[in-house]
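Below: my_file-v5.txt (compact mmCIF, C-alpha atoms)
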```txt
# COMPACT_ATOMS: atom_id res chain seq x y z
CA MET A 20 -102.69 56.43 0.76
CA SER A 21 -102.92 56.94 -3.01
CA ARG A 22 -102.01 53.29 -3.44
CA THR A 23 -105.41 52.32 -2.02
CA LEU A 24 -107.31 54.38 -4.59
CA GLU A 25 -109.09 52.90 -7.60
CA PRO A 26 -111.17 54.48 -10.36
CA GLY A 27 -114.70 55.28 -9.21
CA ILE A 28 -113.95 55.18 -5.47
CA THR A 29 -116.16 57.50 -3.39
CA LEU A 30 -117.09 57.86 0.28
CA LEU A 31 -120.04 55.54 -0.30
CA THR A 32 -118.04 52.81 -2.08
CA ALA A 33 -117.27 51.07 1.22
CA ALA A 34 -120.91 49.97 1.48
CA GLU A 35 -121.21 48.70 -2.09
CA ILE A 36 -121.39 44.95 -2.69
CA ARG A 37 -119.47 44.22 -5.89
CA VAL A 38 -121.36 41.92 -8.25
CA VAL A 39 -119.84 40.59 -11.46
CA VAL A 40 -122.43 40.11 -14.22
CA LEU A 41 -121.71 37.26 -16.64
CA PRO A 42 -123.41 36.74 -20.00
CA ILE A 43 -123.95 32.99 -20.30
CA GLY A 44 -124.40 31.42 -23.72
CA PRO A 45 -125.06 33.39 -26.91
CA MET A 46 -126.34 36.89 -26.29
CA PRO A 47 -126.28 40.00 -28.52
CA ARG A 48 -124.38 42.91 -26.99
CA ASP A 49 -127.37 45.24 -27.06
CA THR A 50 -129.46 42.62 -25.24
CA PHE A 51 -126.79 42.24 -22.53
CA ASP A 52 -126.56 46.05 -22.15
CA ALA A 53 -130.34 46.22 -21.80
CA TYR A 54 -130.25 43.63 -19.01
CA ILE A 55 -127.46 45.55 -17.25
CA ASP A 56 -129.54 48.72 -17.41
CA VAL A 57 -132.52 46.94 -15.89
CA PHE A 58 -130.47 45.59 -13.00
CA SER A 59 -128.76 48.93 -12.38
CA VAL A 60 -132.13 50.42 -11.52
CA HIS A 61 -132.15 48.09 -8.51
CA ARG A 62 -128.66 48.81 -7.23
CA HIS A 63 -130.19 50.01 -3.92
CA VAL A 64 -132.32 47.32 -2.26
CA PRO A 65 -134.21 48.38 0.91
CA LEU A 66 -133.27 46.30 3.93
CA ASN A 67 -136.94 45.68 4.70
CA ALA A 68 -137.11 43.71 1.44
CA THR A 69 -134.49 41.29 2.83
CA GLN A 70 -135.68 41.05 6.42
CA SER A 71 -137.32 37.65 5.95
CA PHE A 72 -133.90 36.21 4.97
CA HIS A 73 -132.08 37.72 7.95
CA GLN A 74 -131.27 35.20 10.67
CA GLY A 75 -131.46 37.74 13.47
CA GLY A 76 -131.39 36.63 17.09
CA PRO A 77 -128.96 37.48 19.87
CA LYS A 78 -126.04 35.82 18.05
CA SER A 79 -126.35 37.97 14.95
CA PRO A 80 -123.31 40.24 14.46
CA PHE A 81 -125.63 42.94 13.08
CA GLN A 82 -127.71 44.16 16.02
CA HIS A 83 -128.46 47.62 14.63
CA LEU A 84 -129.77 46.99 11.11
CA PRO A 85 -132.03 49.95 10.19
CA TYR A 86 -134.74 47.93 8.43
CA LYS A 87 -137.09 50.88 7.96
CA THR A 88 -134.59 53.21 6.31
CA GLY A 89 -131.44 51.24 5.46
CA ALA A 90 -130.46 49.59 2.19
CA LEU A 91 -128.04 47.16 0.58
CA HIS A 92 -126.04 48.80 -2.18
CA PHE A 93 -124.79 46.89 -5.21
CA ARG A 94 -122.15 47.79 -7.77
CA PHE A 95 -122.57 45.76 -10.95
CA LEU A 96 -119.31 45.01 -12.75
CA GLN A 97 -118.73 43.55 -16.17
CA VAL A 98 -116.25 40.72 -16.58
CA ASP A 99 -113.18 42.73 -17.64
CA GLU A 100 -113.50 45.09 -14.69
CA ALA A 101 -114.12 42.27 -12.22
CA ARG A 102 -111.04 40.38 -13.40
CA ARG A 103 -108.81 43.29 -12.43
CA ARG A 104 -108.40 41.97 -8.91
CA THR A 105 -107.16 44.31 -6.23
CA ARG A 106 -104.11 43.34 -4.19
CA ILE A 107 -105.44 45.04 -1.06
CA ALA A 108 -108.55 42.94 -0.44
CA ASP A 109 -107.12 42.04 2.97
CA LEU A 110 -107.20 45.74 3.84
CA HIS A 111 -110.63 46.49 2.36
CA GLN A 112 -113.05 43.53 2.20
CA GLN A 113 -115.43 45.45 -0.05
CA ARG A 114 -112.83 45.70 -2.85
CA GLN A 115 -113.35 42.06 -3.83
CA VAL A 116 -116.19 40.52 -5.81
CA LEU A 117 -118.74 39.17 -3.32
CA ALA A 118 -121.46 37.99 -5.70
CA VAL A 119 -121.69 36.49 -9.19
CA LEU A 120 -124.75 37.07 -11.36
CA GLY A 121 -125.24 35.06 -14.55
CA LEU A 122 -127.65 36.15 -17.28
CA LEU A 123 -129.21 33.71 -19.76
CA HIS A 124 -131.10 34.88 -22.86
CA CYS A 125 -133.27 31.80 -23.29
CA PRO A 126 -134.42 32.45 -26.89
CA LEU A 127 -130.83 31.66 -27.92
CA VAL A 128 -130.23 28.88 -25.36
CA GLU A 129 -131.31 25.36 -26.27
CA ASP A 130 -130.27 23.47 -23.14
CA LEU A 131 -130.93 25.28 -19.85
CA LEU A 132 -129.07 22.70 -17.76
CA ALA A 133 -125.98 22.90 -19.97
CA ALA A 134 -126.07 26.70 -19.81
CA HIS A 135 -126.27 26.56 -16.02
CA SER A 136 -123.25 24.22 -15.97
CA GLU A 137 -121.40 26.81 -18.05
CA PHE A 138 -122.35 29.43 -15.47
CA GLU A 139 -121.04 27.26 -12.63
CA ARG A 140 -117.70 26.88 -14.41
CA ALA A 141 -117.45 30.61 -15.11
CA SER A 142 -118.34 31.60 -11.55
CA ARG A 143 -115.41 29.61 -10.16
CA GLN A 144 -113.15 32.47 -11.29
CA TRP A 145 -114.33 34.26 -8.14
CA PRO A 146 -114.07 31.69 -5.32
CA GLU A 147 -114.31 34.49 -2.75
CA ALA A 148 -117.92 35.26 -3.79
CA LEU A 149 -120.47 34.68 -1.03
CA ALA A 150 -123.45 34.39 -3.36
CA VAL A 151 -124.15 33.26 -6.93
CA ARG A 152 -127.31 33.73 -8.93
CA CYS A 153 -128.31 32.63 -12.42
CA CYS A 154 -131.21 34.47 -14.06
CA ALA A 155 -132.98 33.10 -17.10
CA PHE A 156 -134.82 35.65 -19.25
CA GLU A 157 -137.70 34.89 -21.61
CA PRO A 158 -137.82 31.11 -21.08
CA SER A 159 -139.98 28.94 -23.33
CA SER A 160 -142.15 26.05 -22.20
CA SER A 161 -139.27 23.64 -22.90
CA HIS A 162 -136.98 25.63 -20.61
CA LEU A 163 -139.62 25.64 -17.88
CA ALA A 164 -140.03 21.88 -18.27
CA ALA A 165 -136.32 21.26 -17.57
CA ASN A 166 -135.49 19.52 -14.31
CA THR A 167 -134.00 22.42 -12.34
CA GLN A 168 -134.83 21.06 -8.87
CA LYS A 169 -131.18 20.25 -8.21
CA LEU A 170 -130.05 23.78 -9.01
CA ASN A 171 -130.82 25.10 -5.54
CA ASP A 172 -127.28 25.14 -4.17
CA LEU A 173 -127.25 28.95 -4.23
CA MET A 174 -126.51 30.78 -1.01
CA ILE A 175 -128.68 33.22 0.94
CA PHE A 176 -126.63 36.40 0.91
CA PRO A 177 -127.36 38.06 4.29
CA ALA A 178 -126.88 34.70 6.00
CA ALA A 179 -123.54 34.34 4.22
CA LEU A 180 -122.44 37.73 5.57
CA GLU A 181 -123.54 36.83 9.08
CA ASP A 182 -121.71 33.51 8.88
CA ALA A 183 -118.58 35.26 7.63
CA VAL A 184 -118.54 37.50 10.71
CA LEU A 185 -119.58 34.85 13.21
CA LYS A 186 -116.95 32.39 11.97
CA ALA A 187 -114.19 34.98 11.61
CA SER A 188 -111.23 33.96 13.75
CA VAL A 189 -108.17 35.91 14.79
CA SER A 190 -106.08 32.85 13.88
CA SER A 191 -106.98 33.34 10.21
CA VAL A 192 -105.84 36.97 10.09
CA LYS A 193 -102.77 37.47 7.90
CA LEU A 194 -99.79 39.62 8.84
CA ASN A 195 -97.88 39.11 5.57
CA THR A 196 -100.26 40.60 3.00
CA TYR A 197 -99.32 42.76 0.04
CA VAL A 198 -100.20 45.78 2.20
CA ASP A 199 -97.40 44.70 4.58
CA SER A 200 -94.82 44.48 1.81
CA GLY A 201 -92.15 47.01 0.98
CA ASP A 202 -93.73 47.50 -2.45
CA PHE A 203 -96.80 48.97 -0.76
CA LEU A 204 -95.31 50.57 2.35
CA GLY A 205 -92.21 52.14 0.82
CA SER A 206 -90.13 53.93 3.47
CA LEU A 207 -92.78 53.20 6.09
CA ALA A 208 -91.67 49.56 6.01
CA GLN A 209 -88.24 50.52 7.43
CA ILE A 210 -89.90 52.55 10.17
CA GLU A 211 -92.19 49.68 11.14
CA GLU A 212 -89.27 47.27 11.15
CA GLY A 213 -87.37 49.58 13.49
CA LEU A 214 -90.34 49.83 15.83
CA ARG A 215 -90.73 46.07 15.78
CA LYS A 216 -87.11 45.55 16.84
CA LEU A 217 -87.55 47.99 19.71
CA ASN A 218 -90.57 46.11 21.00
CA VAL A 219 -89.59 43.53 23.61
CA ASN A 220 -92.71 41.42 23.15
CA ASP A 221 -93.09 40.83 19.45
CA GLU A 222 -95.72 38.08 19.89
CA GLU A 223 -97.96 40.36 21.93
CA LEU A 224 -97.62 43.01 19.23
CA LYS A 225 -98.61 40.52 16.53
CA GLU A 226 -101.61 39.42 18.55
CA LYS A 227 -102.85 43.01 18.86
CA LYS A 228 -102.35 43.50 15.13
CA ARG A 229 -104.44 40.42 14.38
CA TRP A 230 -107.27 41.56 16.64
CA GLY A 231 -107.19 45.05 15.14
CA ARG A 232 -107.31 43.69 11.59
CA LEU A 233 -110.13 41.33 12.53
CA GLN A 234 -112.17 44.25 13.87
CA LYS A 235 -111.47 46.21 10.68
CA ALA A 236 -112.74 43.29 8.58
CA LYS A 237 -115.88 43.01 10.73
CA GLY A 238 -116.48 46.71 10.19
CA ASP A 239 -116.25 46.15 6.43
CA TRP A 240 -118.71 43.27 6.59
CA SER A 241 -121.13 45.33 8.69
CA LEU A 242 -121.14 48.14 6.12
CA LEU A 243 -121.78 45.65 3.33
CA ALA A 244 -124.67 44.20 5.36
CA GLY A 245 -126.22 47.67 5.59
CA SER A 246 -125.52 48.31 9.29
CA PRO A 247 -123.32 51.43 9.65
CA ARG A 248 -123.80 51.55 13.43
CA ASP A 249 -122.36 48.05 13.89
CA ALA A 250 -119.56 49.08 11.53
CA PHE A 251 -118.83 52.16 13.64
CA GLU A 252 -118.30 50.03 16.76
CA HIS A 253 -115.96 47.62 14.94
CA TYR A 254 -113.94 50.41 13.31
CA LYS A 255 -113.62 52.19 16.65
CA SER A 256 -112.17 49.02 18.22
CA ALA A 257 -109.90 48.49 15.20
CA MET A 258 -108.52 52.03 15.53
CA GLU A 259 -107.61 51.54 19.18
CA LEU A 260 -106.04 48.11 18.66
CA SER A 261 -104.11 49.16 15.54
CA ARG A 262 -102.87 52.32 17.24
CA THR A 263 -101.47 50.45 20.25
CA ALA A 264 -99.93 47.82 17.93
CA GLY A 265 -98.34 50.45 15.67
CA ASP A 266 -100.22 48.99 12.66
CA ALA A 267 -100.28 52.29 10.80
CA ILE A 268 -101.93 51.27 7.51
CA TRP A 269 -104.74 49.36 9.20
CA TYR A 270 -105.21 52.25 11.63
CA GLY A 271 -105.63 54.62 8.68
CA ALA A 272 -108.00 52.19 6.97
CA ALA A 273 -110.09 51.96 10.16
CA VAL A 274 -110.28 55.75 10.34
CA GLU A 275 -111.45 55.75 6.73
CA GLY A 276 -114.06 53.11 7.58
CA LEU A 277 -115.24 55.18 10.54
CA ALA A 278 -115.84 58.11 8.17
CA HIS A 279 -117.79 55.85 5.81
CA SER A 280 -119.99 54.57 8.64
CA ARG A 281 -120.72 58.09 9.91
CA VAL A 282 -121.71 59.37 6.49
CA LEU A 283 -123.91 56.34 5.79
CA GLU A 284 -125.63 56.52 9.17
CA ALA A 285 -126.22 60.22 8.57
CA LEU A 286 -127.99 59.30 5.33
CA VAL A 287 -130.08 56.72 7.17
CA THR A 288 -130.97 59.34 9.80
CA ALA A 289 -131.89 61.85 7.10
CA ARG A 290 -134.29 59.35 5.52
CA ARG A 291 -135.82 58.48 8.88
CA GLY A 292 -136.65 62.11 9.60
CA PRO A 293 -136.46 64.13 12.83
CA SER A 294 -139.58 62.57 14.39
CA SER A 295 -138.13 59.05 14.49
CA SER A 296 -134.38 59.63 14.78
CA SER A 297 -134.22 60.07 18.55
CA SER A 298 -132.65 56.68 19.19
CA THR A 299 -129.83 57.35 16.75
CA SER A 300 -129.20 60.89 17.95
CA GLN A 301 -129.16 59.73 21.58
CA HIS A 302 -126.69 57.02 20.69
CA ARG A 303 -124.34 59.51 19.04
CA PRO A 304 -125.64 63.12 18.85
CA ASP A 305 -122.85 64.36 16.58
CA VAL A 306 -124.07 62.10 13.78
CA ALA A 307 -127.56 63.58 13.79
CA ALA A 308 -126.10 67.07 14.09
CA SER A 309 -123.99 66.50 10.99
CA VAL A 310 -127.10 65.95 8.82
CA THR A 311 -127.96 69.05 6.77
CA MET A 312 -130.65 69.88 4.25
CA GLY A 313 -128.14 69.11 1.51
CA VAL A 314 -127.72 65.42 2.39
CA PRO A 315 -129.36 63.35 -0.38
CA SER A 316 -131.71 60.55 0.53
CA LEU A 317 -131.20 57.03 -0.78
CA GLN A 318 -134.00 56.20 -3.16
CA ALA A 319 -135.44 52.73 -2.76
CA ALA A 320 -136.00 50.64 -5.87
CA PRO A 321 -139.57 51.02 -7.23
CA ALA A 322 -142.05 48.28 -6.45
CA ALA A 323 -142.21 45.61 -9.13
CA ALA A 324 -145.95 46.13 -9.60
CA ALA A 325 -145.48 49.85 -10.20
CA VAL A 326 -142.74 49.15 -12.73
CA GLN A 327 -144.99 46.72 -14.59
CA THR A 328 -147.94 49.16 -14.61
CA ASP A 329 -145.87 52.07 -15.90
CA MET A 330 -144.11 50.11 -18.63
CA THR A 331 -147.12 48.15 -19.80
CA ALA A 332 -149.06 51.39 -20.10
CA ALA A 333 -146.25 52.66 -22.30
CA GLY A 334 -146.74 49.70 -24.64
CA GLU A 335 -143.63 47.79 -23.58
CA PRO A 336 -144.80 44.52 -22.03
CA ALA A 337 -141.53 42.72 -22.81
CA VAL A 338 -139.53 45.41 -21.00
CA ALA A 339 -142.02 45.26 -18.15
CA ASP A 340 -141.41 41.52 -17.79
CA LYS A 341 -137.65 42.14 -17.68
CA ALA A 342 -138.12 44.82 -15.03
CA LEU A 343 -140.23 42.46 -12.95
CA LEU A 344 -137.62 39.72 -13.24
CA ALA A 345 -134.82 42.15 -12.40
CA ALA A 346 -136.72 43.39 -9.35
CA ALA A 347 -137.21 39.81 -8.20
CA ALA A 348 -133.59 38.94 -8.96
CA ALA A 349 -132.35 41.95 -7.00
CA GLN A 350 -134.23 40.67 -3.98
CA THR A 351 -133.00 37.09 -4.46
CA LEU A 352 -129.46 38.43 -4.83
CA ALA A 353 -129.98 40.02 -1.42
CA GLY A 354 -131.56 36.95 0.08
CA GLY A 355 -133.04 34.35 -2.30
CA SER A 356 -131.85 30.90 -3.24
CA SER A 357 -133.40 29.74 -6.51
CA LEU A 358 -132.78 30.00 -10.22
CA VAL A 359 -134.88 32.92 -11.41
CA ARG A 360 -137.33 31.95 -14.11
CA GLY A 361 -139.89 34.06 -16.01
```

When written as structure tokens, how does the structure in this file appear?
Amino acid sequence: MSRTLEPGITLLTAAEIRVVVLPIGPMPRDTFDAYIDVFSVHRHVPLNATQSFHQGGPKSPFQHLPYKTGALHFRFLQVDEARRRTRIADLHQQRQVLAVLGLLHCPLVEDLLAAHSEFERASRQWPEALAVRCCAFEPSSSHLAANTQKLNDLMIFPAALEDAVLKASVSSVKLNTYVDSGDFLGSLAQIEEGLRKLNVNDEELKEKKRWGRLQKAKGDWSLLAGSPRDAFEHYKSAMELSRTAGDAIWYGAAVEGLAHSRVLEALVTARRGPSSSSSTSQHRPDVAASVTMGVPSLQAAPAAAAVQTDMTAAGEPAVADKALLAAAAAQTLAGGSSLVRG
């Protein structure tokens, strides 16, 4: 499975939402790097900070979101890295860019509306993105006076994930992806072709493959939404369907996803503590038993007010403002819908 590996891949990568960060308009490199650093502090957003944006209800595909202890995890990519598209996005949904974040340095931007139009054009490079955000730093009174009321066509991210799962159809599942090609499979392609010829009901086999791949994709979406327990159920179904269909690569990918979901739920259980983890341990005791003292806890992003107090006390009010804006932007990236302004 070395062909599915990429630089920086870890066990926790499956739950990371890839966000490409675009500098819009003129911006010094050190300023852009400073903005990236500020956003990176908020790469883990607690689920309870996004709960008001979650649709919920009996039709939600995420019935086990751990709001008290779970988190959304973001991986911020610069443009060059984001343009190196993977050819196995059909196998691993989390390998594609799912959000676009534009950064405007207003002191060097004369026309805010024109800069936003530039952002819209640039963001079209990633049509698969479920959310786009454009953040304007250090705006002047003229920027604030601009008519930005029509710039509210930005999507609410958790709702976009829910819609992606709810609207997912087996009819849209592909069976002729790059992962199915001889370039990827190598000698395994000949074996699968032989098994296919031996199967008397090829259409039934294809149908099982589609359902297995659909369950694998739903598992990926559930991890990205911060619900490892929902992901576990989908991956478990995907394993069974892919095994009976002889879909070896997707079976292996589902096993990998199952491992991701177990590790991530173990982290959630570790943060919850023994006094409040009974529901999880009753649901699947081996997960709770796998948690040891060495499992690190996921640190939630600091409250915006605390960030402002600490930095202002240090004599850095401008940095404090950026931290506040980044904290707000991180939450809007997880569930907001407006152009961020200072």

Shell of 9 Å around Ser256 (chain A), only C-alpha atoms, local chain residues under 5 positions omitted, as number ranges by chain: A: 231, 234-235, 251, 261, 273

CA of Gly27 (chain A) to CA of His63 (chain A) measures 17.2 Å

Atomic distance CA of Leu131 (chain A) - CA of Ala68 (chain A), expressed in Å with one decimal: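 So the answer is 28.8 Å.
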
Nearby residues (all atoms listed in the file) at most 9 Å from Ala244 (chain A), same-chain spacing under 3 positions excluded, as a PyMOL selection string: chain A and resi 34+36+66+81+84+90-92+177+180-181+239-241+247

Find the residues with any atom within 7 Å of (-121.8, 30.3, -23.4); use only C-alpha atoms and the coordinates as given in the file, and write the answer as number ranges by chain. A: 43-45, 134, 137

Length of the CA of Tyr254 (chain A) to CA of Gly276 (chain A) vector [Å]: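 So the answer is 6.3 Å.
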
Given the choices A:Asp266, A:Glu259, A:Glu129, A:Glu35, which gets closest to Phe93 (chain A) if the distance is worked out from only C-alpha atoms?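 Going through A:Asp266, A:Glu259, A:Glu129, A:Glu35 one by one, the smallest distance to Phe93 (chain A) is for A:Glu35.
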
Give the answer as one residue: which of A:Arg143, A:Lys228, A:His124, A:Lys193 has the shortest atom-to-atom distance to Arg48 (chain A), using only C-alpha atoms?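 Looking at the shortest contact to Arg48 (chain A), the residue is A:His124.
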
Give one line per residue of region 184-266 of chain A that approaches region 104-122 of chain A to at most 10 Å, naming the two atoms of the closest pair and their distance in Å to one decimal, counting all atoms listed in the file; sort by chain then ascending residue number and deliver it as JSON lines.
```
{"residue": "A:Val192", "atom": "CA", "partner": "A:Asp109", "partner_atom": "CA", "distance": 8.8}
{"residue": "A:Lys193", "atom": "CA", "partner": "A:Asp109", "partner_atom": "CA", "distance": 8.0}
{"residue": "A:Leu194", "atom": "CA", "partner": "A:Asp109", "partner_atom": "CA", "distance": 9.7}
{"residue": "A:Thr196", "atom": "CA", "partner": "A:Asp109", "partner_atom": "CA", "distance": 7.0}
{"residue": "A:Tyr197", "atom": "CA", "partner": "A:Arg106", "partner_atom": "CA", "distance": 6.4}
{"residue": "A:Val198", "atom": "CA", "partner": "A:Ile107", "partner_atom": "CA", "distance": 6.2}
{"residue": "A:Asp199", "atom": "CA", "partner": "A:Ile107", "partner_atom": "CA", "distance": 9.8}
{"residue": "A:Phe203", "atom": "CA", "partner": "A:Ile107", "partner_atom": "CA", "distance": 9.5}
{"residue": "A:Arg232", "atom": "CA", "partner": "A:Leu110", "partner_atom": "CA", "distance": 8.0}
{"residue": "A:Lys235", "atom": "CA", "partner": "A:Leu110", "partner_atom": "CA", "distance": 8.1}
{"residue": "A:Ala236", "atom": "CA", "partner": "A:Gln112", "partner_atom": "CA", "distance": 6.4}
{"residue": "A:Lys237", "atom": "CA", "partner": "A:Gln112", "partner_atom": "CA", "distance": 9.0}
{"residue": "A:Gly238", "atom": "CA", "partner": "A:Gln112", "partner_atom": "CA", "distance": 9.3}
{"residue": "A:Asp239", "atom": "CA", "partner": "A:Gln112", "partner_atom": "CA", "distance": 5.9}
{"residue": "A:Trp240", "atom": "CA", "partner": "A:Gln112", "partner_atom": "CA", "distance": 7.2}
{"residue": "A:Leu242", "atom": "CA", "partner": "A:Gln113", "partner_atom": "CA", "distance": 8.8}
{"residue": "A:Leu243", "atom": "CA", "partner": "A:Gln113", "partner_atom": "CA", "distance": 7.2}
```

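Shortest separation to Gln97 (chain A) among A:Glu226, A:Glu139, A:Asp130, A:Asp52 occurs at residue A:Asp52, atoms counted being all atoms listed in the file.
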
How would region 252-260 of chain A look with all heavy atoms restored, written as a tab-separated table (two decimals), keeping the file's coordinate frame?
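Okay, this is what ended up in rebuild-v5.tsv:
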```tsv
chain	number	residue	atom	x	y	z
A	252	GLU	N	-118.86	50.64	15.55
A	252	GLU	CA	-118.30	50.03	16.76
A	252	GLU	C	-117.06	49.20	16.42
A	252	GLU	O	-116.06	49.23	17.15
A	252	GLU	CB	-119.36	49.16	17.44
A	252	GLU	CG	-120.62	49.90	17.85
A	252	GLU	CD	-120.35	51.00	18.88
A	252	GLU	OE1	-119.31	50.94	19.56
A	252	GLU	OE2	-121.19	51.92	19.00
A	253	HIS	N	-117.11	48.44	15.33
A	253	HIS	CA	-115.96	47.62	14.94
A	253	HIS	C	-114.77	48.50	14.53
A	253	HIS	O	-113.63	48.22	14.91
A	253	HIS	CB	-116.34	46.67	13.81
A	253	HIS	CG	-117.23	45.55	14.23
A	253	HIS	ND1	-116.89	44.67	15.23
A	253	HIS	CD2	-118.46	45.17	13.78
A	253	HIS	CE1	-117.87	43.78	15.39
A	253	HIS	NE2	-118.82	44.06	14.52
A	254	TYR	N	-115.03	49.53	13.74
A	254	TYR	CA	-113.94	50.41	13.31
A	254	TYR	C	-113.31	51.13	14.50
A	254	TYR	O	-112.10	51.34	14.54
A	254	TYR	CB	-114.45	51.43	12.30
A	254	TYR	CG	-114.75	50.87	10.93
A	254	TYR	CD1	-115.93	51.21	10.26
A	254	TYR	CD2	-113.87	50.01	10.29
A	254	TYR	CE1	-116.22	50.69	9.01
A	254	TYR	CE2	-114.15	49.49	9.03
A	254	TYR	CZ	-115.33	49.84	8.39
A	254	TYR	OH	-115.61	49.34	7.15
A	255	LYS	N	-114.13	51.52	15.45
A	255	LYS	CA	-113.62	52.19	16.65
A	255	LYS	C	-112.66	51.27	17.41
A	255	LYS	O	-111.57	51.69	17.84
A	255	LYS	CB	-114.79	52.60	17.54
A	255	LYS	CG	-114.40	53.48	18.72
A	255	LYS	CD	-115.65	53.90	19.49
A	255	LYS	CE	-115.28	54.75	20.70
A	255	LYS	NZ	-116.50	55.14	21.46
A	256	SER	N	-113.05	50.00	17.57
A	256	SER	CA	-112.17	49.02	18.22
A	256	SER	C	-110.91	48.79	17.40
A	256	SER	O	-109.80	48.68	17.95
A	256	SER	CB	-112.91	47.69	18.42
A	256	SER	OG	-114.03	47.84	19.26
A	257	ALA	N	-111.06	48.71	16.08
A	257	ALA	CA	-109.90	48.49	15.20
A	257	ALA	C	-108.91	49.64	15.31
A	257	ALA	O	-107.69	49.42	15.31
A	257	ALA	CB	-110.37	48.34	13.76
A	258	MET	N	-109.41	50.86	15.40
A	258	MET	CA	-108.52	52.03	15.53
A	258	MET	C	-107.68	51.94	16.80
A	258	MET	O	-106.46	52.14	16.76
A	258	MET	CB	-109.34	53.32	15.54
A	258	MET	CG	-109.91	53.72	14.19
A	258	MET	SD	-111.08	55.11	14.34
A	258	MET	CE	-110.03	56.34	15.16
A	259	GLU	N	-108.32	51.60	17.91
A	259	GLU	CA	-107.61	51.54	19.18
A	259	GLU	C	-106.56	50.42	19.18
A	259	GLU	O	-105.41	50.61	19.58
A	259	GLU	CB	-108.60	51.34	20.32
A	259	GLU	CG	-107.97	51.27	21.70
A	259	GLU	CD	-107.24	52.54	22.10
A	259	GLU	OE1	-107.58	53.62	21.56
A	259	GLU	OE2	-106.30	52.46	22.93
A	260	LEU	N	-106.96	49.24	18.69
A	260	LEU	CA	-106.04	48.11	18.66
A	260	LEU	C	-104.88	48.36	17.70
A	260	LEU	O	-103.72	48.06	18.02
A	260	LEU	CB	-106.79	46.84	18.26
A	260	LEU	CG	-107.74	46.26	19.32
A	260	LEU	CD1	-108.70	45.26	18.69
A	260	LEU	CD2	-106.95	45.61	20.45
```
